[in-house]
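A.B. asks: Here it is, the structure in full.
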Protein chains: 2
Amino acid sequence: MEKITSRQNTKVKYLAGLHTRKKRKETGEIILEGPNLVREALVSGVDLLEIFVTEEYYQKNNFAAGANVVLVSNEVMDKIAPSRTPQGIVARIKRPDISWREILKENRLLILEGLQDPGNVGTLIRTAAGAGSGGVILLGEGADPYQPKVLRATAGSIFKIPVAEIPKEEKNSFLDELGNHFSLFQARPGEGEDFREIRFPEKSALILGHETRGISPELANISLKTVTIPLEKGIESLNVAAAGAVLLFAMQFQRSS
Amino acid sequence: MEKITSRQNTKVKYLAGLHTRKKRKETGEIILEGPNLVREALVSGVDLLEIFVTEEYYQKNNFAAGANVVLVSNEVMDKIAPSRTPQGIVARIKRPDISWREILKENRLLILEGLQDPGNVGTLIRTAAGAGSGGVILLGEGADPYQPKVLRATAGSIFKIPVAEIPKEEKNSFLDELGNHFSLFQARPGEGEDFREIRFPEKSALILGHETRGISPELANISLKTVTIPLEKGIESLNVAAAGAVLLFAMQFQRSS
């Protein structure tokens, strides 16, 4: 079995590089950290390239010495694991490559535009998966869905629901297709129709915008309905992931009732 | 107007001390950071003790030179502000002191037991406030509701809904009172009754436990109903703050419908 103890090893440098969005884009590869994420990814059939474990993890878990398992020293693990408190296991996998055109064939989508907070993005992907949404689409300059903090917040559910980012140069064609096939609902605090009054058609997309700036003019230009969750007096808004949870399940439960 | 430029100043040391839970308990004082939180606290009538602003913040915002305004250097602000990227304004206020006995007079409560993640605790307090819950009660060894990250996640709503922590020595009497007056609903992934089938009585409390360990045996011993949100196959659970949002609004909307 391969064993790496030097932080100067070429492979170690390559893996540390995958901590940046740029390298993940260039290589089409991403890093997963921790037993939960790695397990969820494996049972979801992702394209596993290599698994790196510390000696301690290997022995404690009676880890099988597969062809693609590499033993690493604690120092190396500290360098390749994205978090500050590594859990002894990291996997390198192919970044899932799902076309937005495929996702537009599904019903009930979640569209996030420019959402910055990795915890919110990850939680929303997890909620969409739990609510049975057809897919999640990320628009604009938001958090990379495959960055470590987003992955952790999805608790692995990102491998169980189709997720796609829209490249800048495809934004216009995406918006055309979206507008042609979906009824769009933009959630806004304190503005729009009470979501409980709305009958969501089968092909509906819920749009959540940037935490403070909201959605872009291009997106706002498509015909869309504004929906809102009525809040207690004096409270201006909910956290975007909390609002998304209420709305995604409302869309889902209408369908099943 | 008072001006502080030395990080060795006694007041500066005192304020930096308030970054710890222990000192906040001892002194009954807390620190708020950033214009949004400070503004929300002020309009909610908290007991303001002092406001600290940098020269830059003071001038940019045409800040009024009140008797309790202290100018500080950037170095001092870096030390007294809890975050790594201070926004130029910090307030010292009295920690709100709300008795759990008062909260038990309200309807529709949220009870958090041992929740660790500050973002989840803050988001849940914000959601409870938005949904019009009667109050939030924190049990067990969870995150301090007045720590900086929780405060930020509440977006100031913590000053608009009664929140109380249960001291260890009062846990038994609290649980007695709670069980006597409320119908209790514990949320669990994949177990219990579909929440849409439940008629929540006026005096209902939703209980959310530790992210992985769930609720304590003492709490489980009180007669309670387990409720669940039906999830898509293959998805085991939601983020606790997302699940809380769905359930708190379900409780609220039943009441108003």
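Chains: A, B, ... in order of the structure tokens. Residues: from 1 per chain. Ligands: from 1, in order shown.
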Output the contact residues of chain A with respect to chain B at a cut-off of 7 Å, based on only C-alpha atoms, as a short mmCIF file (atom, residue, chain, number, x, y, z; two decimals) with all heavy atoms, in the first residue's frame.
C.D. replies:
```cif
data_model
loop_
_atom_site.label_atom_id
_atom_site.label_comp_id
_atom_site.auth_asym_id
_atom_site.auth_seq_id
_atom_site.Cartn_x
_atom_site.Cartn_y
_atom_site.Cartn_z
N THR A 123 -27.08 23.86 3.53
CA THR A 123 -28.34 23.51 4.20
C THR A 123 -29.49 23.49 3.20
O THR A 123 -30.36 22.61 3.24
CB THR A 123 -28.63 24.50 5.33
OG1 THR A 123 -27.55 24.45 6.27
CG2 THR A 123 -29.92 24.18 6.05
N ARG A 126 -29.40 20.38 1.13
CA ARG A 126 -29.88 19.26 1.95
C ARG A 126 -31.41 19.29 2.09
O ARG A 126 -32.08 18.26 1.99
CB ARG A 126 -29.22 19.37 3.32
CG ARG A 126 -29.54 18.24 4.27
CD ARG A 126 -28.75 18.44 5.56
NE ARG A 126 -29.06 17.44 6.57
CZ ARG A 126 -28.58 17.49 7.83
NH1 ARG A 126 -27.76 18.48 8.18
NH2 ARG A 126 -28.90 16.56 8.70
N THR A 127 -31.96 20.48 2.29
CA THR A 127 -33.40 20.60 2.43
C THR A 127 -34.11 20.26 1.12
O THR A 127 -35.13 19.56 1.12
CB THR A 127 -33.77 22.04 2.86
OG1 THR A 127 -33.07 22.35 4.07
CG2 THR A 127 -35.26 22.17 3.11
N ALA A 129 -33.06 18.27 -1.18
CA ALA A 129 -33.00 16.81 -1.33
C ALA A 129 -34.05 16.15 -0.45
O ALA A 129 -34.78 15.26 -0.89
CB ALA A 129 -31.60 16.30 -0.97
N GLY A 130 -34.17 16.61 0.79
CA GLY A 130 -35.13 16.03 1.72
C GLY A 130 -36.58 16.25 1.27
O GLY A 130 -37.44 15.40 1.48
N ALA A 131 -36.82 17.39 0.66
CA ALA A 131 -38.18 17.73 0.23
C ALA A 131 -38.53 17.09 -1.11
O ALA A 131 -39.65 17.23 -1.59
CB ALA A 131 -38.35 19.24 0.15
N GLY A 132 -37.57 16.43 -1.72
CA GLY A 132 -37.85 15.77 -3.00
C GLY A 132 -37.87 16.72 -4.18
O GLY A 132 -38.53 16.45 -5.19
N SER A 157 -25.93 14.97 1.12
CA SER A 157 -27.12 14.93 0.28
C SER A 157 -26.85 15.52 -1.10
O SER A 157 -27.61 15.28 -2.04
CB SER A 157 -28.28 15.66 0.95
OG SER A 157 -27.92 16.99 1.20
N LEU A 231 -44.76 37.07 8.58
CA LEU A 231 -43.97 37.02 9.81
C LEU A 231 -44.63 37.84 10.91
O LEU A 231 -45.42 38.75 10.65
CB LEU A 231 -42.56 37.56 9.56
CG LEU A 231 -41.70 36.80 8.57
CD1 LEU A 231 -40.31 37.43 8.50
CD2 LEU A 231 -41.59 35.32 8.95
N GLU A 232 -44.26 37.51 12.13
CA GLU A 232 -44.69 38.26 13.30
C GLU A 232 -44.26 39.73 13.16
O GLU A 232 -43.19 40.02 12.65
CB GLU A 232 -44.03 37.63 14.53
CG GLU A 232 -44.49 38.14 15.86
CD GLU A 232 -45.90 37.73 16.22
OE1 GLU A 232 -46.52 36.92 15.49
OE2 GLU A 232 -46.40 38.23 17.24
N ILE A 235 -40.53 41.57 13.08
CA ILE A 235 -39.46 40.72 12.54
C ILE A 235 -39.44 40.89 11.03
O ILE A 235 -40.42 40.61 10.34
CB ILE A 235 -39.71 39.23 12.90
CG1 ILE A 235 -39.85 39.06 14.41
CG2 ILE A 235 -38.60 38.35 12.34
CD1 ILE A 235 -38.62 39.39 15.21
N LEU A 238 -36.48 36.13 7.74
CA LEU A 238 -35.91 34.89 8.27
C LEU A 238 -34.54 34.69 7.65
O LEU A 238 -34.21 35.29 6.63
CB LEU A 238 -36.79 33.70 7.88
CG LEU A 238 -38.21 33.66 8.40
CD1 LEU A 238 -38.93 32.44 7.81
CD2 LEU A 238 -38.23 33.60 9.92
N ASN A 239 -33.77 33.82 8.24
CA ASN A 239 -32.57 33.33 7.58
C ASN A 239 -33.01 32.68 6.26
O ASN A 239 -34.06 32.03 6.20
CB ASN A 239 -31.91 32.31 8.51
CG ASN A 239 -30.88 31.45 7.81
OD1 ASN A 239 -31.23 30.49 7.13
ND2 ASN A 239 -29.64 31.79 7.95
N ALA A 241 -32.05 30.12 4.62
CA ALA A 241 -32.19 28.66 4.61
C ALA A 241 -33.44 28.23 5.38
O ALA A 241 -34.06 27.22 5.05
CB ALA A 241 -30.95 27.99 5.21
N ALA A 242 -33.83 29.02 6.38
CA ALA A 242 -35.07 28.71 7.12
C ALA A 242 -36.28 29.01 6.23
O ALA A 242 -37.21 28.21 6.12
CB ALA A 242 -35.13 29.53 8.41
N ALA A 245 -36.66 26.35 3.64
CA ALA A 245 -37.22 25.10 4.16
C ALA A 245 -38.75 25.17 4.19
O ALA A 245 -39.43 24.24 3.75
CB ALA A 245 -36.67 24.81 5.56
N VAL A 246 -39.27 26.28 4.70
CA VAL A 246 -40.73 26.42 4.79
C VAL A 246 -41.34 26.35 3.39
O VAL A 246 -42.32 25.64 3.15
CB VAL A 246 -41.09 27.75 5.48
CG1 VAL A 246 -42.60 28.00 5.43
CG2 VAL A 246 -40.60 27.75 6.94
#
```
A.B. asks: Enumerate, as a ChimeraX atom specification, the complete set of residues in segment 3-179 of chain A that a backbone-based DSSP assignment places in strand (DSSP E or B).
C.D. replies: /A:3-4,29-33,48-54,69-72,89-94,109-113,135-139,163-165
A.B. asks: Any chance you can output those residues with C-alpha atoms as a PDB file, in the first residue's frame?
C.D. replies:
```
ATOM      1  CA  LYS A   3       2.367   5.550   2.081  1.00  0.00           C
ATOM      2  CA  ILE A   4       3.091   9.283   2.132  1.00  0.00           C
ATOM      3  CA  GLU A  29     -11.814  17.030  -9.032  1.00  0.00           C
ATOM      4  CA  ILE A  30     -12.857  17.717  -5.459  1.00  0.00           C
ATOM      5  CA  ILE A  31     -11.948  16.667  -1.949  1.00  0.00           C
ATOM      6  CA  LEU A  32     -14.250  15.150   0.645  1.00  0.00           C
ATOM      7  CA  GLU A  33     -13.352  15.126   4.311  1.00  0.00           C
ATOM      8  CA  LEU A  48     -13.878   7.784  -6.457  1.00  0.00           C
ATOM      9  CA  LEU A  49     -10.249   8.395  -7.370  1.00  0.00           C
ATOM     10  CA  GLU A  50      -8.301   7.896  -4.147  1.00  0.00           C
ATOM     11  CA  ILE A  51      -8.812   7.631  -0.388  1.00  0.00           C
ATOM     12  CA  PHE A  52      -6.257   8.946   2.076  1.00  0.00           C
ATOM     13  CA  VAL A  53      -6.313   7.731   5.679  1.00  0.00           C
ATOM     14  CA  THR A  54      -4.048   8.137   8.663  1.00  0.00           C
ATOM     15  CA  VAL A  69      -6.116   3.591  -0.500  1.00  0.00           C
ATOM     16  CA  VAL A  70      -3.112   5.666   0.537  1.00  0.00           C
ATOM     17  CA  LEU A  71      -1.768   5.806   4.081  1.00  0.00           C
ATOM     18  CA  VAL A  72      -0.604   9.258   5.191  1.00  0.00           C
ATOM     19  CA  ILE A  89      -9.964  10.350   6.170  1.00  0.00           C
ATOM     20  CA  VAL A  90     -10.093  12.325   2.937  1.00  0.00           C
ATOM     21  CA  ALA A  91     -11.219  11.253  -0.520  1.00  0.00           C
ATOM     22  CA  ARG A  92     -10.425  12.665  -3.921  1.00  0.00           C
ATOM     23  CA  ILE A  93     -13.364  12.250  -6.306  1.00  0.00           C
ATOM     24  CA  LYS A  94     -14.517  13.495  -9.691  1.00  0.00           C
ATOM     25  CA  LEU A 109     -36.506  23.198  -8.702  1.00  0.00           C
ATOM     26  CA  LEU A 110     -34.578  25.341  -6.267  1.00  0.00           C
ATOM     27  CA  ILE A 111     -32.564  28.182  -7.800  1.00  0.00           C
ATOM     28  CA  LEU A 112     -29.994  30.009  -5.700  1.00  0.00           C
ATOM     29  CA  GLU A 113     -28.576  33.224  -7.067  1.00  0.00           C
ATOM     30  CA  GLY A 135     -32.683  19.660  -8.576  1.00  0.00           C
ATOM     31  CA  VAL A 136     -30.757  22.713  -7.459  1.00  0.00           C
ATOM     32  CA  ILE A 137     -29.288  25.325  -9.778  1.00  0.00           C
ATOM     33  CA  LEU A 138     -26.702  27.894  -8.735  1.00  0.00           C
ATOM     34  CA  LEU A 139     -26.507  31.185 -10.566  1.00  0.00           C
ATOM     35  CA  VAL A 163     -26.922  20.185  -8.671  1.00  0.00           C
ATOM     36  CA  ALA A 164     -25.562  22.405 -11.441  1.00  0.00           C
ATOM     37  CA  GLU A 165     -23.858  25.756 -11.684  1.00  0.00           C
TER      38      GLU A 165
END
```
A.B. asks: Considering only C-alpha atoms, state which residue in the set A:Asp97, A:Glu2, A:Asp78, A:Glu218 is at the smallest distance from Tyr146 of chain A.
C.D. replies: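 Closest to Tyr146 of chain A of all the choices is A:Asp97.
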A.B. asks: DSSP on the backbone, then: every residue of segment 50-256 of chain A marked helix (DSSP H, G or I), written as number ranges by chain.
C.D. replies: A: 55-60, 74-80, 100-103, 118-131, 148-154, 157-159, 168-181, 195-197, 217-221, 240-256
A.B. asks: What is the atom CA of Ser83 of chain A-atom CA of Arg21 of chain A distance in Å, reported with one decimal?
C.D. replies: 15.3 Å
A.B. asks: With distances taken over only C-alpha atoms, which of A:Gly66, A:Gly192, A:Pro82, A:Gly45 is nearest to Ala16 of chain A?
C.D. replies: A:Pro82
A.B. asks: Given only C-alpha atoms as the basis, pick out the residue of A:Glu170, A:Arg213, A:Leu178, A:Asn107 nearest to Phe200 of chain A.
C.D. replies: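 So, comparing all the options, the nearest one is A:Asn107.
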